[in-house]
Structure formats: structure tokens, C-alpha cells
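Heads up: the structure comes next, in C-alpha cells.
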Amino acid sequence: MANNHVYIISGEQGEGKTTRLKEIVNLLQQAGVKVGGFIAEGTWKEGIRNSFSLLRIGDRSVFPLCQTEPEEGYIRLKRFWFNPKVIERGEEIIKTCLVEKTDVIVLDEIGIFELEGNVWHDAFIQLLETDNIHILISVRNSIKNSVIQTFKLKNYQIYPVADKPELVVKDIKKIWRKTGN
């Protein structure tokens with residue numbers, strides 16, 4: 001893997017990883033850091049996640065990523081049905097970030113599906129193979145070690161979801177400046 005930097009926001013399902021990512025993204029943008037990528041915002045029905053939408057950082061466009069209800073043309077992975085066009089859109093967002101030399105690229109989240117070679121697996125690999133970039137991801141506590149081992153992460157920092165976003169931003173900016181970006 002290339003010399004890159006991965007910042008992991010770690011917590012369990014429903015603990016606030018996406019909310020924390022959004023706070024970090026806002027602080028980075030306020031500091032003049034060019035941030036791109038996407039956030040996956042979930043909805044709940046009767047106490048259970050029932051869908052996710054992809055929120056593109058930058059223009060804040062929203063795309064329906066997956067849902068628990070079957071949909072023709074969608075791909076079933078465990079209990080969710082994924083919109084293949086939105087998966088392609090997410091991959092395009094990542095490619096655009098690389099072309100535009102985005103300072104920090106966000107993927108929410110790297111999880112079980114990616115460990116099995118699905119959803120954002122290929123986009124994450126592409127980022128990891130790109131030299132000297134900064135990647136901000138969310139990962140569940142229960143699988144963070146598997147993510148680190150499977151994707152052979154070397155330059156990474158883990159931040160529990162309870163950490164203040166200002167701490168994460170301070171670290172990202174320090175490493176980002178040190179690497180000449």
C-alpha cells in the first residue's frame with residue numbers, strides 16, 4: 001500500500017459516528033482544508049435502521065443508497081437492498097476527489113460489506129493505493145481490527161466517537177501540513 005494517512009472514527013452502531021464525521025468535516029472546511037467524499041446518513045423505523053442515503057460532501061447532494069425493502073434492480077446484501085447506480089456514484093465521487101487533489105477524503109463507513117469485498121471495497125482500495133492522501137473513515141469498534149488487518153493499514157489513528165472533533169481536526173491538520181500538503 002502507498003504512503004497515506006487514515007483517520008478512523010470508531011464507535012458502535014447508532015453511537016454517532018456519522019454525526020462526528022459531519023462535525024469534523026465542517027471544522028476542516030472552516031479551516032480551509034479541501035474535503036470531499038461522502039457521508040452515509042441512516043434513517044430508523046421502529047428502532048431499526050431501515051435505509052441509508054449518500055450525502056456528497058461539497059454540494060450536499062443526496063442519493064438513496066440502500067433500504068430494507070426489496071427494490072427491482074437493487075442488489076441484496078444481508079438485510080439491505082443497495083442501489084447499484086448510487087454505489088457507482090460513490091465510486092465516481094472518490095475518483096473526482098483524487099483528480100481534484102482533495103486534501104481529505106471521507107468514506108462513511110468501512111464495514112462488514114467492505115470486508116467481504118462489496119460496496120466501498122474497491123473505492124477504499126483505490127484510495128489506499130494512492131500515495132500521500134488523507135482518508136477519514138468511520139468503522140464499528142467490533143470490526144476495526146479486522147479493517148486494519150484486512151486492508152493492511154499502516155499510517156492510521158483511531159479516535160473513539162466520544163473524542164472531541166477539535167482534537168481530530170488538530171491531528172489531521174498537523175499531519176496534513178507535515179506531509180507537505
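Order determines the names: the first chain of the C-alpha cells is A, the second B, and so forth; residues in each chain are numbered 1 upward, and ligands are numbered 1 upward as they are shown.
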Exercise. From segment 15-134 of chain A, collect each residue whose DSSP state is strand (DSSP E or B) and return the set as an NGL selection string.
Key: :A and (35-45 or 48-56 or 62-67 or 75-77 or 80-82 or 104-107 or 134)
Create the file for the chosen residues now, containing C-alpha atoms and written as a tab-separated table (two decimals), in the first residue's frame.
chain	number	residue	atom	x	y	z
A	35	VAL	CA	-12.69	17.99	1.99
A	36	GLY	CA	-14.52	15.60	-0.34
A	37	GLY	CA	-16.13	12.20	-0.35
A	38	PHE	CA	-19.42	11.20	1.20
A	39	ILE	CA	-21.36	10.55	4.36
A	40	ALA	CA	-24.00	7.82	4.70
A	41	GLU	CA	-26.95	9.11	6.68
A	42	GLY	CA	-29.28	6.48	8.06
A	43	THR	CA	-32.94	6.51	8.94
A	44	TRP	CA	-34.64	4.48	11.63
A	45	LYS	CA	-38.01	2.73	11.66
A	48	ILE	CA	-34.07	-0.38	13.50
A	49	ARG	CA	-32.03	1.13	10.65
A	50	ASN	CA	-34.11	0.85	7.54
A	51	SER	CA	-32.25	2.93	4.95
A	52	PHE	CA	-29.15	4.96	4.15
A	53	SER	CA	-28.67	7.89	1.82
A	54	LEU	CA	-25.37	9.04	0.39
A	55	LEU	CA	-24.61	12.70	1.11
A	56	ARG	CA	-21.92	14.10	-1.18
A	62	VAL	CA	-28.32	13.25	-1.53
A	63	PHE	CA	-28.76	9.86	-3.22
A	64	PRO	CA	-30.75	6.83	-1.89
A	65	LEU	CA	-28.07	4.20	-1.22
A	66	CYS	CA	-29.90	1.27	0.35
A	67	GLN	CA	-33.04	0.18	2.14
A	75	ILE	CA	-28.51	-5.70	-5.07
A	76	ARG	CA	-29.27	-7.61	-1.87
A	77	LEU	CA	-26.54	-7.76	0.76
A	80	PHE	CA	-30.28	-4.33	2.79
A	81	TRP	CA	-31.06	-3.73	-0.88
A	82	PHE	CA	-28.40	-1.47	-2.48
A	104	VAL	CA	-9.06	14.88	3.00
A	105	ILE	CA	-11.36	12.23	1.53
A	106	VAL	CA	-14.23	10.89	3.64
A	107	LEU	CA	-15.83	7.43	3.38
A	134	HIS	CA	-5.57	11.64	3.86
Self-check item: Who sits within 10 Å of Asp122 of chain A, only C-alpha atoms, same chain under 6 positions skipped, as a ChimeraX atom specification
Solution: /A:91,114,128
Those same residues - C-alpha atoms - I'd like them written as a tab-separated table (two decimals), in the first residue's frame.
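Dumped to out05.tsv:
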chain	number	residue	atom	x	y	z
A	91	GLU	CA	-17.07	5.50	-6.65
A	114	GLU	CA	-16.30	-3.82	2.54
A	128	LEU	CA	-5.13	3.18	-0.14
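Across the structure, atom CA of Cys97 of chain A and atom CA of Lys154 of chain A are spaced 21.8 Å apart.
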Quiz item: Which residue, A:Val147, A:Val161, A:Ile137, A:Ile87, has the smallest gap to Trp120 of chain A when you use only C-alpha atoms?
Solution: A:Ile87
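The nearest approach to Ile110 of chain A among the residues A:Val169, A:Tyr159, A:Asn141, A:Gln29, with only C-alpha atoms taken into account, belongs to A:Asn141.
Residues lying within 10 Å of Arg20 of chain A, counting only C-alpha atoms and ignoring same-chain neighbours fewer than 2 positions away, are Ile9, Ser10, Glu15, Gly16, Lys17, Thr18, Lys22, Glu23, Ile24, Val25, Asn26, Ser138, Pro160, Val161, Ala162, Asp163, Lys164, Pro165 and Val168 of chain A.
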Quick one: residues within 8 Å of segment 4-8 of chain A, only C-alpha atoms, excluding same-chain residues fewer than 5 positions away - as an mmCIF file with N, CA and C atoms, in the first residue's frame?
data_model
loop_
_atom_site.group_PDB
_atom_site.id
_atom_site.type_symbol
_atom_site.label_atom_id
_atom_site.label_comp_id
_atom_site.auth_asym_id
_atom_site.auth_seq_id
_atom_site.Cartn_x
_atom_site.Cartn_y
_atom_site.Cartn_z
ATOM 1 N N LEU A 128 -6.305 3.694 -0.866
ATOM 2 C CA LEU A 128 -5.134 3.177 -0.144
ATOM 3 C C LEU A 128 -3.930 2.993 -1.062
ATOM 4 N N THR A 130 -3.189 5.052 -3.443
ATOM 5 C CA THR A 130 -2.775 6.384 -3.879
ATOM 6 C C THR A 130 -1.845 6.977 -2.841
ATOM 7 N N ASP A 131 -0.701 7.462 -3.283
ATOM 8 C CA ASP A 131 0.317 7.946 -2.352
ATOM 9 C C ASP A 131 -0.046 9.302 -1.757
ATOM 10 N N ASN A 132 0.269 9.447 -0.496
ATOM 11 C CA ASN A 132 0.226 10.716 0.233
ATOM 12 C C ASN A 132 -1.150 11.400 0.212
ATOM 13 N N ILE A 133 -2.184 10.620 0.555
ATOM 14 C CA ILE A 133 -3.503 11.222 0.720
ATOM 15 C C ILE A 133 -3.994 10.976 2.141
ATOM 16 N N HIS A 134 -5.005 11.715 2.522
ATOM 17 C CA HIS A 134 -5.568 11.638 3.865
ATOM 18 C C HIS A 134 -7.007 11.161 3.757
ATOM 19 N N ILE A 135 -7.302 10.057 4.447
ATOM 20 C CA ILE A 135 -8.593 9.391 4.345
ATOM 21 C C ILE A 135 -9.229 9.379 5.732
ATOM 22 N N LEU A 136 -10.452 9.867 5.809
ATOM 23 C CA LEU A 136 -11.205 9.883 7.063
ATOM 24 C C LEU A 136 -12.361 8.903 6.912
ATOM 25 N N ILE A 137 -12.389 7.874 7.784
ATOM 26 C CA ILE A 137 -13.429 6.849 7.690
ATOM 27 C C ILE A 137 -14.098 6.639 9.046
ATOM 28 N N SER A 138 -15.255 6.014 9.003
ATOM 29 C CA SER A 138 -15.891 5.540 10.233
ATOM 30 C C SER A 138 -15.905 4.018 10.185
ATOM 31 N N VAL A 139 -15.730 3.414 11.373
ATOM 32 C CA VAL A 139 -15.677 1.960 11.491
ATOM 33 C C VAL A 139 -16.288 1.572 12.843
ATOM 34 N N LEU A 153 -3.652 -1.520 6.913
ATOM 35 C CA LEU A 153 -3.427 -0.118 7.235
ATOM 36 C C LEU A 153 -2.155 0.029 8.048
ATOM 37 N N ASN A 155 -0.353 3.656 8.410
ATOM 38 C CA ASN A 155 -0.378 5.003 8.990
ATOM 39 C C ASN A 155 -1.817 5.359 9.339
ATOM 40 N N TYR A 156 -2.230 4.977 10.540
ATOM 41 C CA TYR A 156 -3.602 5.253 10.935
ATOM 42 C C TYR A 156 -3.666 5.731 12.389
ATOM 43 N N GLN A 157 -4.713 6.485 12.667
ATOM 44 C CA GLN A 157 -5.008 6.926 14.014
ATOM 45 C C GLN A 157 -6.474 6.571 14.267
ATOM 46 N N ILE A 158 -6.751 6.101 15.478
ATOM 47 C CA ILE A 158 -8.120 5.752 15.858
ATOM 48 C C ILE A 158 -8.623 6.776 16.869
ATOM 49 N N TYR A 159 -9.819 7.279 16.611
ATOM 50 C CA TYR A 159 -10.459 8.236 17.514
ATOM 51 C C TYR A 159 -11.821 7.685 17.928
ATOM 52 N N ILE A 172 -5.344 15.948 12.228
ATOM 53 C CA ILE A 172 -5.363 15.865 10.756
ATOM 54 C C ILE A 172 -4.572 17.029 10.161
#
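Atom to atom, atom CA of Glu116 of chain A and atom CA of Ser142 of chain A stand 15.3 Å apart.
Take the candidates A:Asn3, A:Ser61, A:Asn145, A:Thr179 and check each one against Gly111 of chain A using only C-alpha atoms; the shortest distance goes to A:Asn145.
The smallest atom-to-atom distance between Phe151 of chain A and any of A:Val99, A:Leu167, A:Leu115, A:Ile175, using only C-alpha atoms, is found for A:Leu115.
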Exercise. Give me, please, the distance in Å between atom CA of Gly11 of chain A and atom CA of Ile94 of chain A, quoted to one decimal.
Key: 23.6 Å
Practice problem: Could you find all residues in segment 101-147 of chain A that DSSP calls helix (DSSP H, G or I) from the backbone, and write them as a ChimeraX atom specification? | Solution: /A:112-115,121-128,141-147
Selected residues, N, CA and C atoms, written as a PDB file, in the first residue's frame, please.
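File written: part.pdb
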ATOM      1  N   ILE A 112     -18.656  -4.289   7.386  1.00  0.00           N
ATOM      2  CA  ILE A 112     -18.701  -5.714   7.058  1.00  0.00           C
ATOM      3  C   ILE A 112     -18.769  -5.925   5.545  1.00  0.00           C
ATOM      4  N   PHE A 113     -19.582  -5.120   4.868  1.00  0.00           N
ATOM      5  CA  PHE A 113     -19.709  -5.298   3.421  1.00  0.00           C
ATOM      6  C   PHE A 113     -18.363  -5.094   2.718  1.00  0.00           C
ATOM      7  N   GLU A 114     -17.609  -4.090   3.142  1.00  0.00           N
ATOM      8  CA  GLU A 114     -16.299  -3.822   2.539  1.00  0.00           C
ATOM      9  C   GLU A 114     -15.313  -4.940   2.866  1.00  0.00           C
ATOM     10  N   LEU A 115     -15.392  -5.487   4.067  1.00  0.00           N
ATOM     11  CA  LEU A 115     -14.529  -6.616   4.434  1.00  0.00           C
ATOM     12  C   LEU A 115     -14.817  -7.831   3.550  1.00  0.00           C
ATOM     13  N   HIS A 121     -15.579  -1.292  -1.046  1.00  0.00           N
ATOM     14  CA  HIS A 121     -14.300  -2.014  -1.005  1.00  0.00           C
ATOM     15  C   HIS A 121     -13.329  -1.501  -2.074  1.00  0.00           C
ATOM     16  N   ASP A 122     -13.756  -1.482  -3.328  1.00  0.00           N
ATOM     17  CA  ASP A 122     -12.856  -1.098  -4.422  1.00  0.00           C
ATOM     18  C   ASP A 122     -12.433   0.365  -4.329  1.00  0.00           C
ATOM     19  N   ALA A 123     -13.369   1.238  -3.956  1.00  0.00           N
ATOM     20  CA  ALA A 123     -13.032   2.659  -3.807  1.00  0.00           C
ATOM     21  C   ALA A 123     -12.013   2.855  -2.685  1.00  0.00           C
ATOM     22  N   PHE A 124     -12.172   2.127  -1.591  1.00  0.00           N
ATOM     23  CA  PHE A 124     -11.237   2.236  -0.466  1.00  0.00           C
ATOM     24  C   PHE A 124      -9.855   1.727  -0.871  1.00  0.00           C
ATOM     25  N   ILE A 125      -9.815   0.613  -1.577  1.00  0.00           N
ATOM     26  CA  ILE A 125      -8.533   0.082  -2.072  1.00  0.00           C
ATOM     27  C   ILE A 125      -7.860   1.111  -2.982  1.00  0.00           C
ATOM     28  N   GLN A 126      -8.626   1.717  -3.870  1.00  0.00           N
ATOM     29  CA  GLN A 126      -8.067   2.730  -4.774  1.00  0.00           C
ATOM     30  C   GLN A 126      -7.433   3.867  -3.967  1.00  0.00           C
ATOM     31  N   LEU A 127      -8.108   4.309  -2.925  1.00  0.00           N
ATOM     32  CA  LEU A 127      -7.547   5.370  -2.080  1.00  0.00           C
ATOM     33  C   LEU A 127      -6.274   4.904  -1.391  1.00  0.00           C
ATOM     34  N   LEU A 128      -6.305   3.694  -0.866  1.00  0.00           N
ATOM     35  CA  LEU A 128      -5.134   3.177  -0.144  1.00  0.00           C
ATOM     36  C   LEU A 128      -3.930   2.993  -1.062  1.00  0.00           C
ATOM     37  N   ASN A 141     -16.511  -0.343  16.281  1.00  0.00           N
ATOM     38  CA  ASN A 141     -15.495  -0.867  17.209  1.00  0.00           C
ATOM     39  C   ASN A 141     -15.289  -2.364  17.030  1.00  0.00           C
ATOM     40  N   SER A 142     -16.382  -3.080  16.851  1.00  0.00           N
ATOM     41  CA  SER A 142     -16.328  -4.541  16.810  1.00  0.00           C
ATOM     42  C   SER A 142     -15.555  -5.094  15.617  1.00  0.00           C
ATOM     43  N   ILE A 143     -15.334  -4.274  14.574  1.00  0.00           N
ATOM     44  CA  ILE A 143     -14.605  -4.782  13.403  1.00  0.00           C
ATOM     45  C   ILE A 143     -13.387  -3.939  13.044  1.00  0.00           C
ATOM     46  N   LYS A 144     -13.039  -2.959  13.878  1.00  0.00           N
ATOM     47  CA  LYS A 144     -11.927  -2.070  13.489  1.00  0.00           C
ATOM     48  C   LYS A 144     -10.621  -2.830  13.317  1.00  0.00           C
ATOM     49  N   ASN A 145     -10.352  -3.825  14.152  1.00  0.00           N
ATOM     50  CA  ASN A 145      -9.113  -4.594  13.991  1.00  0.00           C
ATOM     51  C   ASN A 145      -9.121  -5.387  12.688  1.00  0.00           C
ATOM     52  N   SER A 146     -10.280  -5.924  12.316  1.00  0.00           N
ATOM     53  CA  SER A 146     -10.393  -6.638  11.035  1.00  0.00           C
ATOM     54  C   SER A 146     -10.159  -5.697   9.862  1.00  0.00           C
ATOM     55  N   VAL A 147     -10.690  -4.474   9.945  1.00  0.00           N
ATOM     56  CA  VAL A 147     -10.479  -3.483   8.883  1.00  0.00           C
ATOM     57  C   VAL A 147      -8.992  -3.158   8.772  1.00  0.00           C
TER      58      VAL A 147
END
